[in-house]
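Next comes upload-v8.csv, a file with CSV, C-alpha atoms and all ligand atoms.
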chain,number,residue,atom,x,y,z
E,1,MET,CA,-32.4,21.5,-103.7
E,2,ALA,CA,-34.6,24.2,-105.2
E,3,LYS,CA,-32.8,26.9,-107.1
E,4,ILE,CA,-32.8,30.1,-105.3
E,5,ASP,CA,-31.6,33.5,-106.3
E,6,LEU,CA,-29.2,35.8,-104.4
E,7,LYS,CA,-31.9,38.5,-103.7
E,8,THR,CA,-34.2,36.0,-102.1
E,9,ILE,CA,-31.3,34.5,-100.0
E,10,LYS,CA,-30.4,38.0,-98.8
E,11,ASN,CA,-34.0,38.8,-97.8
E,12,LYS,CA,-34.8,35.5,-96.2
E,13,ALA,CA,-31.5,35.1,-94.3
E,14,GLY,CA,-31.6,38.7,-93.2
E,15,LYS,CA,-35.0,38.3,-91.6
E,16,GLU,CA,-34.1,34.9,-90.0
E,17,ILE,CA,-30.9,36.4,-88.5
E,18,LYS,CA,-32.8,39.3,-87.1
E,19,LYS,CA,-35.5,36.9,-85.6
E,20,SER,CA,-32.9,34.6,-84.0
E,21,GLN,CA,-33.1,34.7,-80.2
E,22,THR,CA,-30.5,32.0,-79.3
E,23,LEU,CA,-27.2,30.8,-80.6
E,24,LYS,CA,-28.8,27.6,-81.6
E,25,GLU,CA,-31.3,29.3,-83.8
E,26,LEU,CA,-28.6,31.4,-85.3
E,27,ASP,CA,-26.5,28.3,-86.1
E,28,ARG,CA,-29.4,26.8,-87.9
E,29,VAL,CA,-29.6,30.0,-90.1
E,30,PHE,CA,-25.9,29.7,-90.8
E,31,LYS,CA,-26.2,26.1,-91.9
E,32,ARG,CA,-29.3,26.8,-94.0
E,33,TYR,CA,-27.4,29.4,-96.1
E,34,LEU,CA,-23.6,29.1,-95.5
E,35,GLY,CA,-23.2,25.5,-94.4
E,36,LYS,CA,-21.9,22.7,-96.7
E,37,LYS,CA,-25.4,22.1,-98.1
E,38,GLY,CA,-26.5,25.7,-97.6
E,39,ASP,CA,-28.3,27.7,-100.4
E,40,LEU,CA,-25.5,30.2,-100.9
E,41,SER,CA,-22.8,27.5,-100.8
E,42,TRP,CA,-24.7,25.7,-103.5
E,43,ILE,CA,-24.7,28.8,-105.7
E,44,LEU,CA,-20.9,29.3,-105.1
E,45,ARG,CA,-20.2,25.7,-106.0
E,46,SER,CA,-22.2,25.9,-109.2
E,47,LEU,CA,-20.2,29.0,-110.4
E,48,ASN,CA,-17.6,27.0,-112.3
E,49,LYS,CA,-20.4,25.5,-114.5
E,50,MET,CA,-21.4,28.9,-115.7
E,51,PRO,CA,-20.1,30.8,-118.7
E,52,LYS,CA,-17.2,33.1,-117.9
E,53,THR,CA,-19.0,36.5,-118.0
E,54,LYS,CA,-21.9,35.3,-115.9
E,55,ARG,CA,-19.5,33.5,-113.5
E,56,ILE,CA,-17.5,36.7,-112.9
E,57,LYS,CA,-20.6,38.8,-112.3
E,58,MET,CA,-22.4,36.2,-110.3
E,59,GLY,CA,-19.3,35.2,-108.3
E,60,LYS,CA,-18.7,38.8,-107.2
E,61,LYS,CA,-22.3,39.2,-106.0
E,62,ALA,CA,-22.4,35.8,-104.3
E,63,ASN,CA,-19.1,36.4,-102.4
E,64,GLN,CA,-20.3,39.9,-101.4
E,65,LEU,CA,-23.5,38.3,-100.0
E,66,LYS,CA,-21.4,35.6,-98.2
E,67,GLU,CA,-19.4,38.3,-96.5
E,68,PHE,CA,-22.5,40.3,-95.7
E,69,LEU,CA,-24.2,37.2,-94.1
E,70,GLU,CA,-21.1,36.2,-92.2
E,71,GLU,CA,-20.9,39.7,-90.7
E,72,ALA,CA,-24.6,39.8,-89.9
E,73,ILE,CA,-24.4,36.5,-88.1
E,74,ALA,CA,-21.3,37.4,-86.2
E,75,LYS,CA,-22.9,40.7,-85.1
E,76,LYS,CA,-26.1,38.9,-84.0
E,77,SER,CA,-24.1,36.2,-82.2
E,78,GLY,CA,-22.3,39.0,-80.2
E,79,GLU,CA,-25.7,40.5,-79.3
E,80,ILE,CA,-27.1,37.2,-78.1
E,81,ARG,CA,-24.0,36.4,-76.0
E,82,LYS,CA,-24.2,39.8,-74.4
E,83,LYS,CA,-27.9,39.3,-73.6
E,84,THR,CA,-27.6,35.9,-72.1
E,85,LYS,CA,-24.2,36.6,-70.6
E,86,LYS,CA,-22.8,33.2,-71.5
E,87,SER,CA,-19.8,32.1,-69.5
E,88,SER,CA,-16.8,30.7,-71.3
E,89,GLU,CA,-17.9,27.2,-70.3
E,90,GLY,CA,-21.1,27.8,-72.1
E,91,ARG,CA,-23.3,27.8,-68.9
E,92,GLU,CA,-26.0,30.4,-68.2
E,93,TRP,CA,-24.5,33.2,-66.2
E,94,PHE,CA,-26.3,34.8,-63.4
E,95,ASP,CA,-25.6,37.5,-61.0
E,96,ILE,CA,-25.6,36.0,-57.5
E,97,THR,CA,-25.5,39.5,-55.9
E,98,ILE,CA,-28.9,40.5,-57.2
E,99,PRO,CA,-31.3,40.6,-54.2
E,100,GLY,CA,-33.8,37.8,-54.2
E,101,LYS,CA,-37.6,38.2,-54.7
E,102,LYS,CA,-39.5,38.0,-51.4
E,103,PRO,CA,-42.2,35.3,-51.7
E,104,VAL,CA,-45.6,36.6,-51.1
E,105,SER,CA,-47.1,35.1,-48.0
E,106,GLY,CA,-50.8,34.8,-47.4
E,107,HIS,CA,-52.7,35.6,-44.2
E,108,LEU,CA,-56.1,35.0,-42.7
E,109,HIS,CA,-59.2,36.5,-44.2
E,110,PRO,CA,-60.3,39.7,-42.4
E,111,LEU,CA,-63.5,37.9,-41.2
E,112,THR,CA,-61.5,35.0,-39.8
E,113,GLN,CA,-59.2,37.5,-38.1
E,114,ALA,CA,-62.3,39.2,-36.6
E,115,LYS,CA,-63.8,35.9,-35.5
E,116,LYS,CA,-60.5,34.9,-33.8
E,117,LYS,CA,-60.4,38.3,-32.0
E,118,ALA,CA,-64.0,37.9,-30.8
E,119,GLU,CA,-63.3,34.4,-29.6
E,120,GLU,CA,-60.2,35.5,-27.8
E,121,ILE,CA,-62.1,38.3,-26.0
E,122,PHE,CA,-65.0,36.1,-24.9
E,123,GLN,CA,-62.7,33.3,-23.8
E,124,SER,CA,-60.8,35.7,-21.6
E,125,MET,CA,-64.2,36.4,-19.9
E,126,GLY,CA,-64.9,32.7,-19.3
E,127,PHE,CA,-66.9,31.9,-22.4
E,128,SER,CA,-66.4,28.6,-24.3
E,129,ILE,CA,-66.9,28.2,-28.0
E,130,ALA,CA,-69.7,26.0,-29.3
E,131,GLU,CA,-70.6,24.9,-32.8
E,132,GLY,CA,-73.6,23.6,-34.6
E,133,PRO,CA,-74.6,22.4,-38.1
E,134,GLU,CA,-75.1,24.8,-41.0
E,135,LEU,CA,-77.7,22.5,-42.4
E,136,GLU,CA,-80.3,22.6,-39.6
E,137,SER,CA,-83.7,21.2,-38.8
E,138,GLU,CA,-86.7,23.5,-38.8
E,139,TRP,CA,-87.3,22.4,-35.2
E,140,TYR,CA,-84.0,23.8,-33.9
E,141,ASN,CA,-84.0,26.9,-36.1
E,142,PHE,CA,-87.6,27.9,-35.3
E,143,ASP,CA,-89.8,25.7,-33.1
E,144,ALA,CA,-87.3,25.2,-30.3
E,145,LEU,CA,-86.7,28.9,-30.3
E,146,ASN,CA,-90.4,29.6,-29.7
E,147,PHE,CA,-91.3,30.7,-33.2
E,148,PRO,CA,-95.0,29.5,-33.4
E,149,SER,CA,-95.7,27.4,-36.6
E,150,GLU,CA,-97.1,29.4,-39.5
E,151,HIS,CA,-96.3,32.6,-37.5
E,152,PRO,CA,-95.0,35.5,-39.6
E,153,ALA,CA,-92.0,35.8,-37.3
E,154,ARG,CA,-90.5,32.9,-39.3
E,155,GLU,CA,-90.5,35.3,-42.3
E,156,MET,CA,-88.3,37.8,-40.4
E,157,GLN,CA,-85.5,35.6,-41.4
E,158,ASP,CA,-85.9,34.9,-45.2
E,159,THR,CA,-85.2,31.2,-45.0
E,160,LEU,CA,-83.5,29.0,-47.6
E,161,PHE,CA,-85.5,25.7,-47.3
E,162,ILE,CA,-84.1,22.4,-48.6
E,163,LYS,CA,-86.2,20.5,-51.1
E,164,GLN,CA,-87.3,17.1,-49.6
E,165,LYS,CA,-89.7,14.4,-50.8
E,166,ASN,CA,-93.1,14.8,-49.2
E,167,ARG,CA,-91.7,17.6,-47.1
E,168,GLU,CA,-95.2,18.7,-45.9
E,169,ARG,CA,-95.7,15.4,-44.2
E,170,LEU,CA,-92.4,15.4,-42.4
E,171,PRO,CA,-92.2,16.4,-38.7
E,172,SER,CA,-90.3,19.7,-38.1
E,173,THR,CA,-87.4,17.8,-36.6
E,174,ALA,CA,-86.8,16.2,-40.1
E,175,LYS,CA,-87.5,19.3,-42.3
E,176,LEU,CA,-84.2,20.8,-43.3
E,177,LEU,CA,-83.1,24.3,-44.0
E,178,MET,CA,-79.9,26.4,-44.1
E,179,ARG,CA,-79.7,27.9,-40.6
E,180,THR,CA,-80.7,31.6,-40.6
E,181,HIS,CA,-78.9,32.3,-37.3
E,182,THR,CA,-76.6,30.5,-34.8
E,183,SER,CA,-79.3,30.7,-32.1
E,184,PRO,CA,-80.4,27.0,-32.7
E,185,VAL,CA,-77.1,26.0,-31.0
E,186,GLN,CA,-78.4,27.5,-27.8
E,187,VAL,CA,-80.9,24.7,-27.4
E,188,ARG,CA,-78.5,22.0,-28.8
E,189,TYR,CA,-75.9,23.1,-26.3
E,190,ILE,CA,-78.2,23.3,-23.2
E,191,LYS,CA,-79.5,19.8,-24.0
E,192,GLU,CA,-76.0,18.5,-23.7
E,193,ASN,CA,-74.6,20.7,-20.9
E,194,GLN,CA,-75.9,21.6,-17.6
E,195,PRO,CA,-75.8,25.3,-16.6
E,196,PRO,CA,-74.3,27.5,-15.3
E,197,LEU,CA,-72.8,28.1,-18.7
E,198,ARG,CA,-71.3,30.8,-20.9
E,199,ILE,CA,-70.8,30.2,-24.6
E,200,ILE,CA,-70.4,32.0,-27.8
E,201,ILE,CA,-71.4,30.4,-31.1
E,202,PRO,CA,-69.6,31.8,-34.1
E,203,GLY,CA,-70.7,30.5,-37.5
E,204,ARG,CA,-71.9,30.9,-41.0
E,205,VAL,CA,-75.6,31.7,-41.6
E,206,PHE,CA,-77.8,32.0,-44.7
E,207,ARG,CA,-80.7,34.1,-45.8
E,208,HIS,CA,-82.7,34.5,-49.0
E,209,GLU,CA,-82.1,38.2,-49.3
E,210,ALA,CA,-81.3,40.7,-52.1
E,211,THR,CA,-77.7,41.6,-51.6
E,212,ASP,CA,-76.6,45.2,-51.1
E,213,VAL,CA,-73.8,47.1,-49.3
E,214,SER,CA,-74.9,45.7,-45.9
E,215,HIS,CA,-76.7,42.5,-46.8
E,216,GLU,CA,-75.3,39.2,-48.0
E,217,ILE,CA,-77.1,35.8,-48.5
E,218,ASN,CA,-74.2,34.2,-46.6
E,219,PHE,CA,-72.7,35.9,-43.6
E,220,TYR,CA,-71.4,35.3,-40.1
E,221,HIS,CA,-73.1,35.5,-36.6
E,222,VAL,CA,-71.6,35.3,-33.2
E,223,GLU,CA,-74.3,34.2,-30.8
E,224,GLY,CA,-73.7,34.6,-27.1
E,225,LEU,CA,-75.5,32.8,-24.2
E,226,MET,CA,-75.0,33.0,-20.5
E,227,VAL,CA,-77.2,31.0,-18.1
E,228,ASP,CA,-77.1,31.0,-14.3
E,229,LYS,CA,-79.3,31.4,-11.3
E,230,LYS,CA,-79.3,35.2,-11.2
E,231,ILE,CA,-78.5,36.8,-14.6
E,232,SER,CA,-79.8,40.2,-15.5
E,233,VAL,CA,-79.7,42.8,-18.3
E,234,ALA,CA,-77.0,44.5,-16.3
E,235,ASN,CA,-74.7,41.5,-16.7
E,236,PHE,CA,-75.4,41.6,-20.5
E,237,LYS,CA,-74.6,45.3,-20.7
E,238,ALA,CA,-71.3,44.8,-18.8
E,239,ILE,CA,-70.1,41.9,-21.0
E,240,ILE,CA,-71.1,43.5,-24.3
E,241,LYS,CA,-69.5,46.9,-23.4
E,242,GLU,CA,-66.3,45.1,-22.5
E,243,PHE,CA,-66.4,43.1,-25.7
E,244,LEU,CA,-66.9,46.2,-27.9
E,245,LYS,CA,-64.3,48.2,-26.1
E,246,ARG,CA,-61.7,45.4,-26.8
E,247,PHE,CA,-62.8,44.6,-30.3
E,248,PHE,CA,-62.7,48.3,-31.4
E,249,GLU,CA,-59.9,49.2,-29.1
E,250,LYS,CA,-61.8,52.3,-27.9
E,251,GLU,CA,-64.6,53.1,-25.6
E,252,LEU,CA,-67.9,53.2,-27.3
E,253,LYS,CA,-71.3,54.2,-26.0
E,254,ILE,CA,-74.1,51.6,-26.4
E,255,ARG,CA,-77.8,51.9,-26.0
E,256,LEU,CA,-80.6,49.3,-25.8
E,257,ARG,CA,-83.9,49.7,-27.7
E,258,PRO,CA,-86.9,47.6,-27.1
E,259,SER,CA,-87.5,45.0,-29.8
E,260,TYR,CA,-89.0,41.6,-30.5
E,261,PHE,CA,-87.5,38.2,-30.9
E,262,PRO,CA,-89.7,35.1,-30.2
E,263,PHE,CA,-86.9,33.5,-28.2
E,264,THR,CA,-86.1,36.4,-25.8
E,265,GLU,CA,-88.3,38.3,-23.4
E,266,PRO,CA,-87.7,41.2,-23.0
E,267,SER,CA,-85.9,41.7,-26.3
E,268,PHE,CA,-83.8,44.6,-27.5
E,269,GLU,CA,-81.6,45.8,-30.3
E,270,ILE,CA,-78.2,47.2,-29.4
E,271,ASP,CA,-76.9,50.3,-31.1
E,272,PHE,CA,-73.5,51.7,-30.5
E,273,SER,CA,-72.2,55.2,-31.1
E,274,CYS,CA,-70.8,55.3,-34.6
E,275,PRO,CA,-67.1,54.6,-34.5
E,276,MET,CA,-66.6,56.6,-37.7
E,277,CYS,CA,-67.9,59.9,-36.5
E,278,ARG,CA,-68.0,59.2,-32.7
E,279,GLY,CA,-71.7,59.9,-32.6
E,280,LYS,CA,-71.7,63.2,-34.5
E,281,GLY,CA,-73.5,61.8,-37.5
E,282,CYS,CA,-72.0,60.7,-40.9
E,283,SER,CA,-73.0,58.8,-44.1
E,284,ILE,CA,-72.2,55.4,-42.5
E,285,CYS,CA,-74.6,55.9,-39.6
E,286,LYS,CA,-77.0,57.8,-41.9
E,287,LYS,CA,-76.6,60.9,-39.7
E,288,ARG,CA,-78.1,59.2,-36.7
E,289,GLY,CA,-74.8,58.9,-34.7
E,290,TRP,CA,-75.8,55.3,-33.8
E,291,LEU,CA,-75.4,52.0,-35.6
E,292,GLU,CA,-77.4,48.9,-35.0
E,293,ILE,CA,-75.2,45.8,-34.5
E,294,MET,CA,-77.1,43.1,-32.7
E,295,GLY,CA,-80.2,41.6,-31.3
E,296,ALA,CA,-80.4,40.4,-27.7
E,297,GLY,CA,-82.7,39.7,-24.8
E,298,MET,CA,-83.3,37.5,-21.7
E,299,VAL,CA,-83.8,33.9,-22.7
E,300,HIS,CA,-87.6,33.1,-23.1
E,301,PRO,CA,-89.0,30.5,-20.6
E,302,ASN,CA,-90.2,28.4,-23.5
E,303,VAL,CA,-86.6,28.1,-24.9
E,304,PHE,CA,-85.5,26.8,-21.5
E,305,LYS,CA,-88.4,24.3,-21.5
E,306,ASN,CA,-87.5,23.1,-25.1
E,307,ALA,CA,-84.0,22.6,-23.9
E,308,GLY,CA,-85.1,20.5,-20.9
E,309,LEU,CA,-84.6,23.1,-18.2
E,310,ASN,CA,-87.0,24.4,-15.6
E,311,PRO,CA,-87.3,28.2,-16.4
E,312,LYS,CA,-88.2,28.8,-12.7
E,313,ASN,CA,-84.6,27.8,-11.8
E,314,TRP,CA,-82.6,29.5,-14.5
E,315,GLN,CA,-82.1,32.9,-16.0
E,316,GLY,CA,-80.0,33.9,-18.9
E,317,PHE,CA,-79.2,36.4,-21.6
E,318,ALA,CA,-78.6,35.8,-25.3
E,319,PHE,CA,-77.4,38.0,-28.1
E,320,GLY,CA,-76.6,37.6,-31.8
E,321,VAL,CA,-74.2,39.9,-33.5
E,322,GLY,CA,-73.4,40.2,-37.2
E,323,LEU,CA,-69.7,39.6,-37.5
E,324,ASP,CA,-69.5,41.0,-41.0
E,325,ARG,CA,-71.0,44.3,-40.0
E,326,LEU,CA,-68.8,44.5,-37.0
E,327,THR,CA,-65.7,44.0,-39.1
E,328,MET,CA,-67.0,46.6,-41.6
E,329,MET,CA,-67.2,49.1,-38.8
E,330,LYS,CA,-63.8,48.2,-37.4
E,331,TYR,CA,-62.0,48.6,-40.7
E,332,LYS,CA,-64.3,51.2,-42.3
E,333,ILE,CA,-65.3,48.9,-45.1
E,334,SER,CA,-68.2,50.3,-47.2
E,335,ASP,CA,-69.5,47.2,-48.9
E,336,ILE,CA,-70.1,43.7,-47.3
E,337,ARG,CA,-69.7,42.0,-50.7
E,338,LEU,CA,-66.0,42.8,-50.7
E,339,PHE,CA,-65.5,40.1,-48.1
E,340,TYR,CA,-66.7,37.4,-50.5
E,341,GLY,CA,-65.4,38.7,-53.9
E,342,GLY,CA,-61.9,37.1,-53.5
E,343,ASP,CA,-60.3,40.3,-54.8
E,344,LEU,CA,-56.7,40.2,-53.6
E,345,ARG,CA,-56.4,44.0,-53.9
E,346,PHE,CA,-58.9,44.2,-51.1
E,347,LEU,CA,-57.8,41.2,-49.0
E,348,ILE,CA,-54.1,42.1,-48.8
E,349,GLN,CA,-54.9,45.3,-46.9
E,350,PHE,CA,-55.7,43.4,-43.7
W,1,LIG,C1,-81.0,37.3,-35.2
W,1,LIG,O1,-80.6,36.6,-36.1
W,1,LIG,C2,-81.1,36.8,-33.9
W,1,LIG,N1,-80.8,35.4,-33.8
W,1,LIG,C3,-80.2,37.5,-32.9
W,1,LIG,C4,-80.5,37.3,-31.5
W,1,LIG,C5,-79.8,36.3,-30.8
W,1,LIG,C6,-81.4,38.0,-30.8
W,1,LIG,C7,-80.1,36.0,-29.5
W,1,LIG,C8,-81.8,37.8,-29.5
W,1,LIG,C9,-81.0,36.8,-28.8
W,1,LIG,P1,-81.1,39.5,-36.7
W,1,LIG,O2,-82.0,38.9,-37.8
W,1,LIG,O3,-81.4,40.9,-36.3
W,1,LIG,O4,-81.2,38.6,-35.4
W,1,LIG,O5,-79.6,39.3,-37.1
W,1,LIG,C10,-78.5,39.7,-36.2
W,1,LIG,C11,-77.5,40.5,-36.9
W,1,LIG,O6,-77.1,39.9,-38.1
W,1,LIG,C12,-78.0,41.9,-37.3
W,1,LIG,O7,-78.0,42.8,-36.3
W,1,LIG,C13,-77.0,42.3,-38.4
W,1,LIG,O8,-75.8,42.8,-37.9
W,1,LIG,C14,-76.7,40.9,-39.0
W,1,LIG,N2,-77.4,40.7,-40.3
W,1,LIG,C15,-78.7,40.4,-40.5
W,1,LIG,N3,-79.0,40.2,-41.8
W,1,LIG,C16,-77.9,40.3,-42.4
W,1,LIG,C17,-77.5,40.2,-43.8
W,1,LIG,N4,-78.3,39.8,-44.8
W,1,LIG,N5,-76.2,40.4,-44.2
W,1,LIG,C18,-75.3,40.7,-43.2
W,1,LIG,N6,-75.6,40.8,-41.9
W,1,LIG,C19,-76.8,40.6,-41.5
As structure tokens:
Amino acid sequence: MAKIDLKTIKNKAGKEIKKSQTLKELDRVFKRYLGKKGDLSWILRSLNKMPKTKRIKMGKKANQLKEFLEEAIAKKSGEIRKKTKKSSEGREWFDITIPGKKPVSGHLHPLTQAKKKAEEIFQSMGFSIAEGPELESEWYNFDALNFPSEHPAREMQDTLFIKQKNRERLPSTAKLLMRTHTSPVQVRYIKENQPPLRIIIPGRVFRHEATDVSHEINFYHVEGLMVDKKISVANFKAIIKEFLKRFFEKELKIRLRPSYFPFTEPSFEIDFSCPMCRGKGCSICKKRGWLEIMGAGMVHPNVFKNAGLNPKNWQGFAFGVGLDRLTMMKYKISDIRLFYGGDLRFLIQF
């Protein structure tokens, strides 16, 4: 064992006692200095080999240090015991009367909640829920919906096209893209199901757009389609007013403005009176008192033809609403990007 002086022992042992967190650690310190082979014990044992004067002086100091260390260890041991509340059997003690911690339970994302609510409302009005693929063919997304090829109308919907080998030579039924709306499911559904029919098509859509407070590259649409022998704009107005009343849990005024979509004729945009200011004008509606929420119109005869129906026999309305924007209005959310940020501080509020 290396020779070690009393001053060094006092400093080192003092620090180690202070640092000890458990009784085990403290015991190791005790053994290192005061145990059989401990540093201080070694010094005490070697006293009798020293000359008398040195032995008396050294003996006194070594015994004082022994007492000092024993006291320090006993004091620390008491502190540790108090902290860990050791029972007499040596087991960890815990207070069974302390109230437990409630586990945090998750819930559905606000967009999922809104989608479910929309589904519930439409189902109660006799609509079924239809689905379609997110990776869609150019034919269903555009051609079948009466978008003429090379027509600038296709650019209305900043499309994310899929890279394919010799793409230019492929027919539009084989050219792939990320669907820009859920309208293609109109044709897919009619091909498989005979009218009369009422469906909604909720789903994820994609657009190559710069994001801002009200635009995302990935968002949700709820498409609606009703086909029967005698369907008019009046039917559409009644259904959509009922939907909005139940979704927002208050009566809202709506207005129809003439618009253009290749797959509806006539087409219109639907605005509703701003739920924030009740039509008085605020920053959300940009002082207009009205907010644009969806596109709609009467199904174009060419869409019926592309789906295999005779347009002379059938009429219908279709609409496409942005679910994200609808949810933003319902909960007064100022930035669409909050839905996709995964920030729990935002999500736990719903
Ligand atoms: C359409 O997509 C049409 N398919 C809607 C339609 C269906 C019209 C059936 C007629 C008949 P539009 O591009 O306007 O239309 O999009 C519909 C809604 O999606 C908009 O009113 C808006 O609420 C929402 N929207 C559009 N772009 C974005 C975006 N980048 N981020 C979030 N929401 C968006």
Considering all atoms listed in the file, state which residue in the set E:Gly281, E:Gly203, E:Pro275, E:Pro311 is at the smallest distance from ligand LIG 1 (chain W).
-> E:Gly203
Would you kindly return, as an MDAnalysis selection string, each protein, DNA or RNA residue with an atom no farther than 10 Å from any atom of region 113-129 of chain E, considering all atoms listed in the file and excluding same-chain residues fewer than 6 positions away?
-> chainID E and resid 107 197:203 220:226 239:240 242:244 246:247 323:324 326:327 330 350
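We find CA of Gly106 (chain E) and CA of Phe248 (chain E) to be spaced 24.1 Å apart.
Going from CA of Leu111 (chain E) over to CA of Gly289 (chain E), you cover 24.7 Å.
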Given 9 Å and all atoms listed in the file, residues near ligand LIG 1 (chain W) as an MDAnalysis selection string = chainID E and resid 156:157 180:184 186 205:225 260:265 267:270 292:299 317:326 336
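Taking CA of Ile254 (chain E) as the reference point, CA of Ser273 (chain E) is found at 6.2 Å.
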Could you give me, as a PyMOL selection string, the residues that sit within 8 Å of (-74.2, 32.0, -16.3) in the file's coordinates, counting only C-alpha atoms?
-> chain E and resi 195-198+226-231+315-316
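Using all atoms listed in the file for every distance, the candidate list E:Val233, E:Ala307, E:Cys285, E:Leu338 yields E:Val233 as the residue closest to Leu256 (chain E).
Shortest separation to Asn306 (chain E) among E:Arg188, E:Lys76, E:Lys52, E:Lys253 occurs at residue E:Arg188, atoms counted being only C-alpha atoms.
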Nearest to Glu67 (chain E) among E:Ile190, E:Leu170, E:Leu34, E:Met276, with distances taken over only C-alpha atoms: which residue is it?
-> E:Leu34
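Candidate residues E:Trp290, E:Tyr189, E:Tyr331, E:Phe68 were compared for distance to Gly308 (chain E), and the nearest is E:Tyr189, using only C-alpha atoms.
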